[in-house]
Amino acid sequence: MSAQAINGGMLKRLFLAVGLTVTSALPGFAASLDTVTERGVLRFAVYRDFPPFSHRVGGSLEGADVDLAKAIAGKMGLGVEFMELTADENMDDDLRNAVWKGSILGGGVADVMMHVPVNRDFAQRNDLVVIFGAYQRETFAVARDPSRISETAGFPVFQTEKVGVELDTVPDFFLSGAFGGRLRENIVHYGTVDQAADGLRAGEVAAVFAPLSQLEGALGPDKAKFPIGRMAAPNLNPSEWKIGMAVKQDGHDLAYRVGAVVTELLDGGTVKAIYDRHGLTHSAPAE
Amino acid sequence: MKRTFAKIAVVGAVAGGLAVAAPGGAAQAAGGPTDQDILKDAETPGDILTYGMGTQGQRHSTLKAVNPDTVKKLAPVWAFSFGGEKQRGQESQPIVHDGTIYVTGSYSRLFAIDARTGDKKWQYDARLPEGIMPCCDVVNRGAAIRGDKIYFGTLDARLVALNKDTGKVVWNKKVADYQAGYSMTAAPLIVDGKIITGNSGGEFGVVGAVEARDAESGELIWSRPTVEGNMGTLNGKESTMTGVKNATWTGDLWQTGGGATWLGGTYDPETKSLFFGTGNPAPWNSHLRPGDNLYTSSTLAINPDNGEIKWHFQTTPHDGWDFDGVNEFISFDLKKEGKVIKAGAKADRNGFFFVIDRTNGKLLNATPFVTETSWAKGFDLNTGKPIYNEDKRPPNPVDGGGASAGQGKPIFAAPSFLGGKNWMPMAYSPDTELFYVPANEWGMDIWNEAITYKKGAAYLGAGFTIKPLFEDYIGALRAIDPKTGKIVWEYKNPAPLWGGVLTTAGNLVFTGTPEGYLKAFDAKTGAELWKFNTGSGIVGCPVTWEMDGEQYVSVVSGWGGAVPLWGGEVAKKVKDINQGGMLWTFKLPKT
């Protein structure tokens with residue numbers, strides 16, 4: 001901790017000596033709070049094509065992560081800039097591309113990456129970043145066709161009804177192994193939650209099992225036709241996780257400041273208002 | 001000989017400013033290589049028209065001027081820099097035709113270079129879109145040539161045909177959707193006017209395919225998915241189903257079953273068969289997909305006319321280690337007990353060296369080419385199936401036993417998923433009747449786990465740590481006798497080997513090392529006879545050809561590929577290697 005503080009201080013002095021234009025031209029250098037403040041702009045990494053969090057609508061970037069980033073920058077009196085990130089095979093790679101090194105294809109890094117799971121094991125194996133600022137608690141839920149599946153039904157109903165999942169997700173894994181593999185023949189695999197929701201609309205499946213916010217985003221107004229709820233799943237692991245942010249490992253001071261702003265936005269109801277606006281259920285992460 | 005004469009005639013005509021071209025020779029020069037020239041590439045040392053130095057992929061040259069007596073004098077003639085700030089892995093094999101070298105570079109670049117001087121003739125840089133996400137570095141493995149066109153695949157999954165003399169785009173076709181994670185890094189293969197490619201990337205939820213296009217127009221002729229249950233196409237219509245739906249897959253998993261053909265293929269004109277290797281099945285955790293999961297981690301023999309599968313051999317049924325089965329299948333004549341068997345060989349990621357009857361896919365022999373193959377005791381030659389060590393399959397996370405909840409019990413398996421041999425092609429010498437395999441000695445701690453993250457959501461995944469098996473070396477170039485599977489000699493290299501191999505009738509074997517050396521060995525004894533430091537790691541494929549009566553050797557240098565992307569103990573052996581991007585060309589000094 002103290003060694004990092006010293007390094008941070010030395011880096012800051014170095015930046016001041018050589019001038020800001022040089023530092024902004026160096027990919028891989030995440031900005032400290034001082035350089036961000038002087039630059040006047042906070043640069044966020046958000047996922048590309050990732051409704052309802054960050055996606056293009058008629059050319060403009062929209063979504064809950066985008067709005068939250070704007071609110072954070074606004075609260076800090078800074079302008080906001082976005083770097084859209086194509087998801088790699090796992091988020092360890094995404095952290096490298098977004099904040100600590102940059103993609104091998106160029107484009108530099110962002111100051112802050114949105115939508116990063118806050119989990120101890122995950123943080124431990126990604127020690128080149130600081131993960132902080134949980135703003136949402138994510139859970140899994142089932143959207144169902146009420147004409148085929150009753151409100152009180154549990155997972156055994158999928159011995160006779162088809163259920164859509166995104167390939168390789170925790171719901172996929174859970175259903176494949178549940179009840180001695182007896183549900184396996186009725187699992188329909190989709191590439192994305194959006195495609196699974198289309199499958200539900202088209203009657204290909206009677207239900208979709210996926211993260212709650214993604215289900216809400218994918219169904220939009222159709223939530224009225226396809227109620228979203230829970231089914232008891234004692235062995236679902238993980239059953240919930242927290243979503244926060246990441247900065248490069250030498251950006252502790254930036255993390256503290258942004259983290260404090262997020263707490264203010266949570267306490268003041270701004271995060272919930274943003275989620276409401278996008279038709280999403282906000283669950284404040286437990287302390 | 002005739003070919004050399006024709007070229008001299010053309011050069012003479014141009015120098016003299018004559019409008020009248022020499023008969024035959026001019027047509028050849030203007031038109032470029034024909035389908036016949038491509039099929040006979042291995043017999044014509046004056047050019048290199050195919051990836052593999054012949055469609056069978058033997059990587060053998062009949063040239064003898066450079067040999068154990070003369071190789072010590074081998075010296076650089078020129079070197080060409082790929083330039084720019086973009087370097088990274090250079091896994092390419094040069095193509096040589098009519099005094100021009102065509103070589104691909106990282107970031108989907110193609111260079112045409114004067115073979116005599118090293119002068120650049122033209123350069124093509126593919127304009128790559130934002131948001132491409134190639135799995136393992138930004139490599140390209142080489143081009144293909146036919147007629148007046150030179151072809152290569154790009155990181156955004158396009159196939160590009162350029163005029164070979166000007167570098168101007170003739171056509172540029174989208175082969176797959178880069179936004180779904182596809183890319184194209186392998187060298188295309190050209191057979192009878194068709195350009196034949198596999199697909200790469202998109203490990204998640206895609207199905208591998210082999211596709212044939214008209215080399216002139218780029219229009220799709222046929223496509224053959226690699227996973228059973230999926231339909232092929234021929235001339236715009238559905239043709240036949242691959243395999244039998246749900247024979248070796250449960251539920252709908254065949255629709256997203258993997259089996260990417262990311263390393264391309266070879267072709268044997270004698271049996272008129274394409275040979276393509278297929279990648280690992282999806283999803284990663286094998287407990288979720290009971291069955292053999294055909295035709296993943298296999299070699300497929302395919303009819304080039306219509307895309308029908310003639311036979312298959314699955315090297316890792318029900319793959320649970322990410323071994324893949326993409327490795328090159330090299331056709332050769334197996335001379336055994338007075339008979340000549342039309343055979344083929346494959347050194348698989350899973351650590352076994354397979355010899356297979358290439359007329360019917362029957363397994364003739366399978367022997368380890370690395371010191372440890374912990375996942376299987378061996379192969380049953382009657383059934384063609386592995387004899388598994390079931391305790392070396394990464395256990396199901398449901399059964400617990402890992403370091404945290406949802407983590408499966410870790411096991412140590414060898415080879416590691418980077419393979420006993422990865423992408424780098426081996427070579428065969430019909431003179432010594434030996435294969436030369438660039439192998440690596442490493443294993444992995446591996447476990448299935450429930451918690452990895454994609455786009456902020458929890459997914460299934462696997463954890464692994466790659467570990468070298470020995471203190472002093474990872475790489476091992478091994479000469480293997482296909483008649484017995486015995487290792488005749490080996491050369492040990494500290495860093496993992498990641499470059500291709502070349503053999504010559506001059507009793508030499510060439511390969512490059514990450515430490516930067518191009519090395520020549522005695523093909524019979526393995527004695528190291530010559531080396532030259534190219535300044536960066538070599539992960540490309542050396543070639544040799546004849547020009548103006550002299551033998552030349554070329555290789556690209558430029559460290560990268562998948563190895564530097566993985567950390568752990570392997571990283572220690574390669575962390576000091578600098579990046580690069582150069583084509584080096586050597587010959588013997590004139591006496």
# chains A, B, ... in the order shown; residues from 1 in each chain; ligands from 1

call {"tool": "interface_residues", "arguments": {"of": "chain B", "to": "chain A", "cutoff": "7 Å", "atoms": "only C-alpha atoms", "output": "list in words"}}
result
Gly131, Met133, Gly205, Thr250, Gly251, Asp252, Pro283, Leu288, Gly406, Ala450, Thr452, Tyr453, Lys454, Lys455, Gly456, Ala458, Tyr459 and Leu460 of chain B

call {"tool": "residues_around", "arguments": {"residues": "Asp253 (chain A)", "least_positions_apart": "4", "cutoff": "8 Å", "atoms": "only C-alpha atoms", "output": "PyMOL selection string"}}
result
chain A and resi 32-33+257

call {"tool": "write_last_selection", "arguments": {"atoms": "C-alpha atoms", "output": "PDB file, in the first residue's frame"}}
result
ATOM      1  CA  SER A  32      -4.399   8.970 -11.723  1.00  0.00           C
ATOM      2  CA  LEU A  33      -6.977  11.268 -10.135  1.00  0.00           C
ATOM      3  CA  ARG A 257     -12.808   9.117  -5.446  1.00  0.00           C
TER       4      ARG A 257
END

call {"tool": "select_by_dssp", "arguments": {"residues": "region 30-149 of chain A", "states": "helix (DSSP H, G or I)", "output": "MDAnalysis selection string"}}
result
chainID A and resid 33:39 64:75 91:100 120:125

call {"tool": "select_by_dssp", "arguments": {"residues": "region 201-421 of chain B", "states": "strand (DSSP E)", "output": "PyMOL selection string"}}
result
chain B and resi 201+209-214+220-225+231-234+237-241+265-268+273-277+298-302+309-314+330-336+339-347+352-357+363-368+376-380+385-388+411-413

call {"tool": "residues_around", "arguments": {"residues": "Ser283 (chain A)", "least_positions_apart": "6", "cutoff": "9 Å", "atoms": "only C-alpha atoms", "output": "PyMOL selection string"}}
result
chain A and resi 135-138+272

call {"tool": "write_last_selection", "arguments": {"atoms": "C-alpha atoms", "output": "short mmCIF file (atom, residue, chain, number, x, y, z; two decimals), in the first residue's frame"}}
result
data_model
loop_
_atom_site.label_atom_id
_atom_site.label_comp_id
_atom_site.auth_asym_id
_atom_site.auth_seq_id
_atom_site.Cartn_x
_atom_site.Cartn_y
_atom_site.Cartn_z
CA TYR A 135 -23.36 -0.62 -7.83
CA GLN A 136 -25.63 -3.60 -8.53
CA ARG A 137 -26.38 -7.03 -7.15
CA GLU A 138 -27.10 -9.42 -9.99
CA LYS A 272 -32.04 3.24 -8.88
#

call {"tool": "residues_around", "arguments": {"residues": "Met76 (chain A)", "least_positions_apart": "6", "cutoff": "10 Å", "atoms": "only C-alpha atoms", "output": "NGL selection string"}}
result
:A and (37 or 40-42 or 70 or 257-258 or 261)

call {"tool": "residues_around", "arguments": {"residues": "Arg277 (chain A)", "least_positions_apart": "3", "cutoff": "10 Å", "atoms": "only C-alpha atoms", "output": "VMD selection string"}}
result
chain A and resid 63 to 64 67 271 to 274 280 to 281

call {"tool": "write_last_selection", "arguments": {"atoms": "C-alpha atoms", "output": "PDB file, in the first residue's frame"}}
result
ATOM      1  CA  GLY A  63     -27.846   2.123 -21.526  1.00  0.00           C
ATOM      2  CA  ALA A  64     -27.683   1.897 -17.762  1.00  0.00           C
ATOM      3  CA  ASP A  67     -25.962   6.769 -17.844  1.00  0.00           C
ATOM      4  CA  VAL A 271     -28.561   4.560  -9.549  1.00  0.00           C
ATOM      5  CA  LYS A 272     -32.039   3.241  -8.882  1.00  0.00           C
ATOM      6  CA  ALA A 273     -33.530   6.008 -11.011  1.00  0.00           C
ATOM      7  CA  ILE A 274     -31.224   5.078 -13.893  1.00  0.00           C
ATOM      8  CA  LEU A 280     -34.405  -2.758 -14.816  1.00  0.00           C
ATOM      9  CA  THR A 281     -34.703  -3.884 -11.236  1.00  0.00           C
TER      10      THR A 281
END

call {"tool": "residues_around", "arguments": {"residues": "Gly218 (chain B)", "least_positions_apart": "3", "cutoff": "10 Å", "atoms": "only C-alpha atoms", "output": "PyMOL selection string"}}
result
chain B and resi 159-161+170-175+194-195+212-215+221

call {"tool": "closest_residue", "arguments": {"among": "A:Pro51, A:Gly279, A:Gly251, A:Gly59", "to": "Pro221 (chain A)", "atoms": "only C-alpha atoms"}}
result
A:Gly279

call {"tool": "residues_around", "arguments": {"residues": "Lys75 (chain A)", "least_positions_apart": "3", "cutoff": "12 Å", "atoms": "only C-alpha atoms", "output": "ChimeraX atom specification"}}
result
/A:42,68-72,78-80,257-265,270

call {"tool": "write_last_selection", "arguments": {"atoms": "C-alpha atoms", "output": "short mmCIF file (atom, residue, chain, number, x, y, z; two decimals), in the first residue's frame"}}
result
data_model
loop_
_atom_site.label_atom_id
_atom_site.label_comp_id
_atom_site.auth_asym_id
_atom_site.auth_seq_id
_atom_site.Cartn_x
_atom_site.Cartn_y
_atom_site.Cartn_z
CA LEU A 42 -13.08 10.74 -17.46
CA LEU A 68 -24.25 5.79 -14.61
CA ALA A 69 -20.86 6.73 -16.07
CA LYS A 70 -22.24 10.12 -17.13
CA ALA A 71 -23.65 10.63 -13.63
CA ILE A 72 -20.29 9.79 -12.03
CA LEU A 78 -15.65 16.16 -15.46
CA GLY A 79 -16.53 15.53 -19.06
CA VAL A 80 -17.14 11.95 -20.14
CA ARG A 257 -12.81 9.12 -5.45
CA VAL A 258 -15.03 7.29 -7.98
CA GLY A 259 -16.03 4.79 -5.28
CA ALA A 260 -17.12 7.63 -2.99
CA VAL A 261 -19.16 9.16 -5.82
CA VAL A 262 -20.87 5.82 -6.51
CA THR A 263 -21.81 5.52 -2.84
CA GLU A 264 -23.36 9.01 -3.02
CA LEU A 265 -25.27 8.09 -6.18
CA THR A 270 -29.64 8.12 -8.69
#

call {"tool": "closest_residue", "arguments": {"among": "B:Pro129, B:Gly259, B:Gly351, B:Gly142", "to": "Asp177 (chain B)", "atoms": "only C-alpha atoms"}}
result
B:Pro129

call {"tool": "atom_distance", "arguments": {"atom1": "CA of Thr585 (chain B)", "atom2": "CA of Gly512 (chain B)"}}
result
13.5 Å

call {"tool": "closest_residue", "arguments": {"among": "A:Ala141, A:Val129, A:Leu95, A:Ala224", "to": "Phe209 (chain A)", "atoms": "only C-alpha atoms"}}
result
A:Ala141

call {"tool": "closest_residue", "arguments": {"among": "B:Tyr491, B:Tyr267, B:Trp530, B:Phe417", "to": "Gly325 (chain B)", "atoms": "only C-alpha atoms"}}
result
B:Phe417
